[in-house]
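Below is one structure, written out as structure tokens; comments come after it.
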Amino acid sequence: MLAEVCIFAFSWVVVYTLSSMIFRPNWNPRGRHCVVTGGSTGLGLSLAVLLTKKGADVSIIARNQERLDIALRELEAARQSPQQTLRAYSFNVDTAAGATTSLEAACSAHNGRAPDAVFLVAGGARPGFFVEQTEEMLKQQFDQNYWAQAWSAWAAAKKMAREKVRGKIVFVSSFLGYMSMVGYSPYAPGKFALRGLAETLQSELAMYGIDVHICFPGTIHSPGYEEENKVKPKVTLKIEETDGGAQPDDAAKGLLKGVEKGHFHITYDFLGDVFRASSRGSSPGNNFFLDAVYCLIGYVALPIWRNSVDRTVRAHAKEHREYLKQKGFFKSNTASSSS
């Protein structure tokens, strides 16, 4: 009896997987209004250009007007049709007011209608040791990496739901939203929090026909990455020295392909797939058979990898204490230690 139940369950999974792959149509951005926050550089700009090449109407939102002007010229160069509407808007989206105003501005060129898709790429990393961070620095990083996307998602979800637009909300977390390590205490918590929000909204917004996706890119060779490496701790750079990373255009293709296929958790390389399958919990998977293989690989390989990371950190302890001493970190502890 048990064998028959197992065979039936396995057969049902096979039929369900194959039918979803065959009969579920891919989402097509052509003719749809797509908003991209953080769209002036890096992954956001590459994604905006790719959407333009696929025939979408594209609105990019970022803070720096000069970079937006340059980015808009790139969108115009990628234009596929005179009918496409391509716009750039300068706003700070890490507040509720900023996110709401920016979305309304982007929709004004479309008779005020809610967008068909909102891609939330705004964010940035400034790595460092936790004990060196100030209250202001930690808050700023959380605002930049959580609230800048959360408020935009909030504004978009309300507008889509009210107008009964069956749209898409796409978060961009990070590989560091699956795991984290030394140096990323200011950055990773916001990326983990985005996953929690996306998991909740993937369930809740289904009531309005709104699809939710979240991408977990690894290292992307962008201007932001160059800036973060200037302040990144030496031990973090040591751990990452074998990480080849990806170009923004390749990351954008991987992200959009996942959205087009309807994947909830989006990863686009082998290591990302292993982490995704190993840590997705009850989240919808992408491919039953491949995810099982990735999960098995992760079960064996990830503890070994993590152990090597921890050994590297422990080996750096003496050098790190000397670094803190030279920075004057221990001076404030002298009085309290002797009292």
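Convention: chains lettered A, B, ... in structure tokens order; per-chain residue numbering from 1; ligands numbered from 1 as shown.
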
Practice task
Tell me which protein, DNA and RNA residues are within 6 Å of range 121-131 of chain A, counting only C-alpha atoms, leaving out same-chain ones fewer than 6 positions away, and put them as a PyMOL selection string.
Solution key: chain A and resi 37-38+44+144-145+172+183-185+187+228+232

Practice task
Would you mind listing what lies within 10 Å of range 319-329 of chain A as a PyMOL selection string, with only C-alpha atoms counted and same-chain residues fewer than 2 positions away left out?
Solution key: chain A and resi 129+131-132+233-235+313-317+331-333

Keeping C-alpha atoms for every residue in the selection just given, could you write it to a file as an mmCIF file, in the first residue's frame?
```cif
data_model
loop_
_atom_site.group_PDB
_atom_site.id
_atom_site.type_symbol
_atom_site.label_atom_id
_atom_site.label_comp_id
_atom_site.auth_asym_id
_atom_site.auth_seq_id
_atom_site.Cartn_x
_atom_site.Cartn_y
_atom_site.Cartn_z
ATOM 1 C CA PHE A 129 32.541 45.532 11.089
ATOM 2 C CA VAL A 131 31.353 46.999 16.325
ATOM 3 C CA GLU A 132 32.474 49.999 14.268
ATOM 4 C CA PRO A 233 37.151 44.626 5.337
ATOM 5 C CA LYS A 234 40.256 42.721 4.267
ATOM 6 C CA VAL A 235 38.921 39.431 5.622
ATOM 7 C CA VAL A 313 37.531 34.462 10.026
ATOM 8 C CA ARG A 314 39.140 32.844 13.085
ATOM 9 C CA ALA A 315 42.562 32.999 11.443
ATOM 10 C CA HIS A 316 42.045 36.735 10.959
ATOM 11 C CA ALA A 317 41.237 37.395 14.640
ATOM 12 C CA LYS A 331 40.351 52.918 24.731
ATOM 13 C CA SER A 332 36.768 53.398 25.862
ATOM 14 C CA ASN A 333 36.824 50.004 27.560
#
```

Problem - Long-range neighbours of Trp147 in chain A as number ranges by chain, 10 Å cut-off, only C-alpha atoms, 5 positions minimum in chain - result: A: 93-96, 99, 122-123, 140-142, 152-154, 190, 193-194

Handout entry: Residue with smallest distance to Met137 in chain A - pool A:Gly245, A:Lys238, A:Lys54, A:Pro186, counting only C-alpha atoms
Key =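 Nearest candidate to Met137 in chain A out of A:Gly245, A:Lys238, A:Lys54, A:Pro186: A:Pro186.
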
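By only C-alpha atoms, and with residues fewer than 5 positions from Cys34 in chain A along its chain excluded, the set lying at most 7 Å from it is Ala56, Asp57, Val58, Ser59, Pro115, Asp116, Ala117 and Val118 of chain A.
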
Handout entry: Residues within 12 Å of Ala77 in chain A, only C-alpha atoms, excluding chain neighbours under 2 positions, as a ChimeraX atom specification
Key = /A:48-50,52-53,70-75,79-82,86

Practice task
Could you give me, as a list in words, the residues within 12 Å of Ser180 in chain A, counting only C-alpha atoms and dropping anything in the same chain fewer than 5 positions from it?
Solution key: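 Neighbouring residues, sequence-local ones excluded: Pro127, Ser174, Phe175, Ser185, Pro186, Tyr187, Ala188, Pro189, Gly190, Lys191, Phe192, Gly218, Thr236, Ile239, Phe275, Arg306, Val309 and Asp310 of chain A.
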
If you keep N, CA and C atoms, can you produce a file of those selected residues as an mmCIF file, in the first residue's frame?
```cif
data_model
loop_
_atom_site.group_PDB
_atom_site.id
_atom_site.type_symbol
_atom_site.label_atom_id
_atom_site.label_comp_id
_atom_site.auth_asym_id
_atom_site.auth_seq_id
_atom_site.Cartn_x
_atom_site.Cartn_y
_atom_site.Cartn_z
ATOM 1 N N PRO A 127 29.923 47.871 3.357
ATOM 2 C CA PRO A 127 30.330 46.864 4.344
ATOM 3 C C PRO A 127 31.193 47.444 5.455
ATOM 4 N N SER A 174 19.538 39.752 -2.460
ATOM 5 C CA SER A 174 20.953 39.512 -2.711
ATOM 6 C C SER A 174 21.249 38.069 -2.333
ATOM 7 N N PHE A 175 22.348 37.554 -2.862
ATOM 8 C CA PHE A 175 22.861 36.271 -2.390
ATOM 9 C C PHE A 175 22.953 36.299 -0.865
ATOM 10 N N SER A 185 27.190 43.052 8.179
ATOM 11 C CA SER A 185 26.153 43.339 9.179
ATOM 12 C C SER A 185 25.334 44.591 8.862
ATOM 13 N N PRO A 186 25.895 45.630 8.206
ATOM 14 C CA PRO A 186 25.049 46.778 7.876
ATOM 15 C C PRO A 186 24.085 46.493 6.717
ATOM 16 N N TYR A 187 24.446 45.535 5.860
ATOM 17 C CA TYR A 187 23.763 45.333 4.576
ATOM 18 C C TYR A 187 22.803 44.150 4.560
ATOM 19 N N ALA A 188 23.272 42.997 5.034
ATOM 20 C CA ALA A 188 22.500 41.765 4.900
ATOM 21 C C ALA A 188 21.150 41.781 5.614
ATOM 22 N N PRO A 189 21.009 42.390 6.805
ATOM 23 C CA PRO A 189 19.702 42.358 7.463
ATOM 24 C C PRO A 189 18.571 42.914 6.603
ATOM 25 N N GLY A 190 18.831 43.993 5.874
ATOM 26 C CA GLY A 190 17.806 44.551 4.997
ATOM 27 C C GLY A 190 17.440 43.594 3.882
ATOM 28 N N LYS A 191 18.426 42.854 3.364
ATOM 29 C CA LYS A 191 18.169 41.909 2.283
ATOM 30 C C LYS A 191 17.424 40.674 2.783
ATOM 31 N N PHE A 192 17.721 40.254 4.020
ATOM 32 C CA PHE A 192 16.939 39.170 4.632
ATOM 33 C C PHE A 192 15.499 39.631 4.855
ATOM 34 N N GLY A 218 24.115 37.422 -7.047
ATOM 35 C CA GLY A 218 25.413 37.416 -6.378
ATOM 36 C C GLY A 218 26.165 38.694 -6.712
ATOM 37 N N THR A 236 36.863 40.038 4.470
ATOM 38 C CA THR A 236 35.754 39.816 3.541
ATOM 39 C C THR A 236 36.270 39.698 2.118
ATOM 40 N N ILE A 239 37.754 36.247 1.622
ATOM 41 C CA ILE A 239 36.764 35.184 1.416
ATOM 42 C C ILE A 239 36.192 35.252 0.002
ATOM 43 N N PHE A 275 21.933 27.448 -3.203
ATOM 44 C CA PHE A 275 21.471 28.140 -2.000
ATOM 45 C C PHE A 275 19.952 28.275 -1.991
ATOM 46 N N ARG A 306 30.909 26.590 4.468
ATOM 47 C CA ARG A 306 30.759 27.482 5.619
ATOM 48 C C ARG A 306 31.877 27.279 6.626
ATOM 49 N N VAL A 309 34.846 29.214 5.535
ATOM 50 C CA VAL A 309 34.672 30.641 5.803
ATOM 51 C C VAL A 309 34.979 30.944 7.261
ATOM 52 N N ASP A 310 34.426 30.128 8.169
ATOM 53 C CA ASP A 310 34.640 30.360 9.599
ATOM 54 C C ASP A 310 36.106 30.206 9.983
#
```

Practice task
For Val165 in chain A, work out the shell of residues within 9 Å, counting only C-alpha atoms and skipping chain neighbours fewer than 5 positions away, then give it as number ranges by chain.
Solution key: A: 113-116, 159-160, 208-210

Exercise for the section: Run DSSP on the backbone and give me the residues of range 16-230 of chain A it puts in alpha helix (DSSP H), as a ChimeraX atom specification. Expected result: /A:16-23,42-53,65-78,96-108,135-142,148-163,188-204,223-230

Problem - Shortest interatomic distance to Ile169 in chain A - which of A:Glu204, A:Glu135, A:Asp211, A:Glu241, counting only C-alpha atoms - result: A:Asp211

Fill in the blank from the handout: Between CA of Val274 in chain A and CA of Ile297 in chain A lies a distance of 6.9 Å

Practice task
Run DSSP on the backbone and give me the residues of range 71-275 of chain A it puts in strand (DSSP E or B), as a list in words.
Solution key: Leu86, Arg87, Ala88, Tyr89, Ser90, Ala117, Val118, Phe119, Leu120, Gly128, Lys168, Ile169, Val170, Phe171, Val172, Tyr184, Asp211, Val212, His213, Ile214, Cys215, Ile220, Ala246, His265 and Ile266 of chain A

Handout entry: CA of Lys257 in chain A to CA of Leu290 in chain A, straight-line distance in Å
Key = 17.0 Å

Problem - A:Leu68, A:Asp250, A:Glu199, A:Arg30 ranked by distance to Gly281 in chain A, top pick (using only C-alpha atoms) - result: A:Glu199

Handout entry: Among listed residues A:Gly224, A:Gly262, A:Tyr178, A:Ala251, nearest Ala277 in chain A (using only C-alpha atoms)
Key =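 Smallest distance to Ala277 in chain A is found for A:Tyr178.
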
Practice task
Have a look at A:Ala157, A:Leu47, A:Ile304, A:Ala292 and name the one nearest to Phe119 in chain A; count only C-alpha atoms.
Solution key: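 Smallest separation from Phe119 in chain A among the options: A:Leu47.
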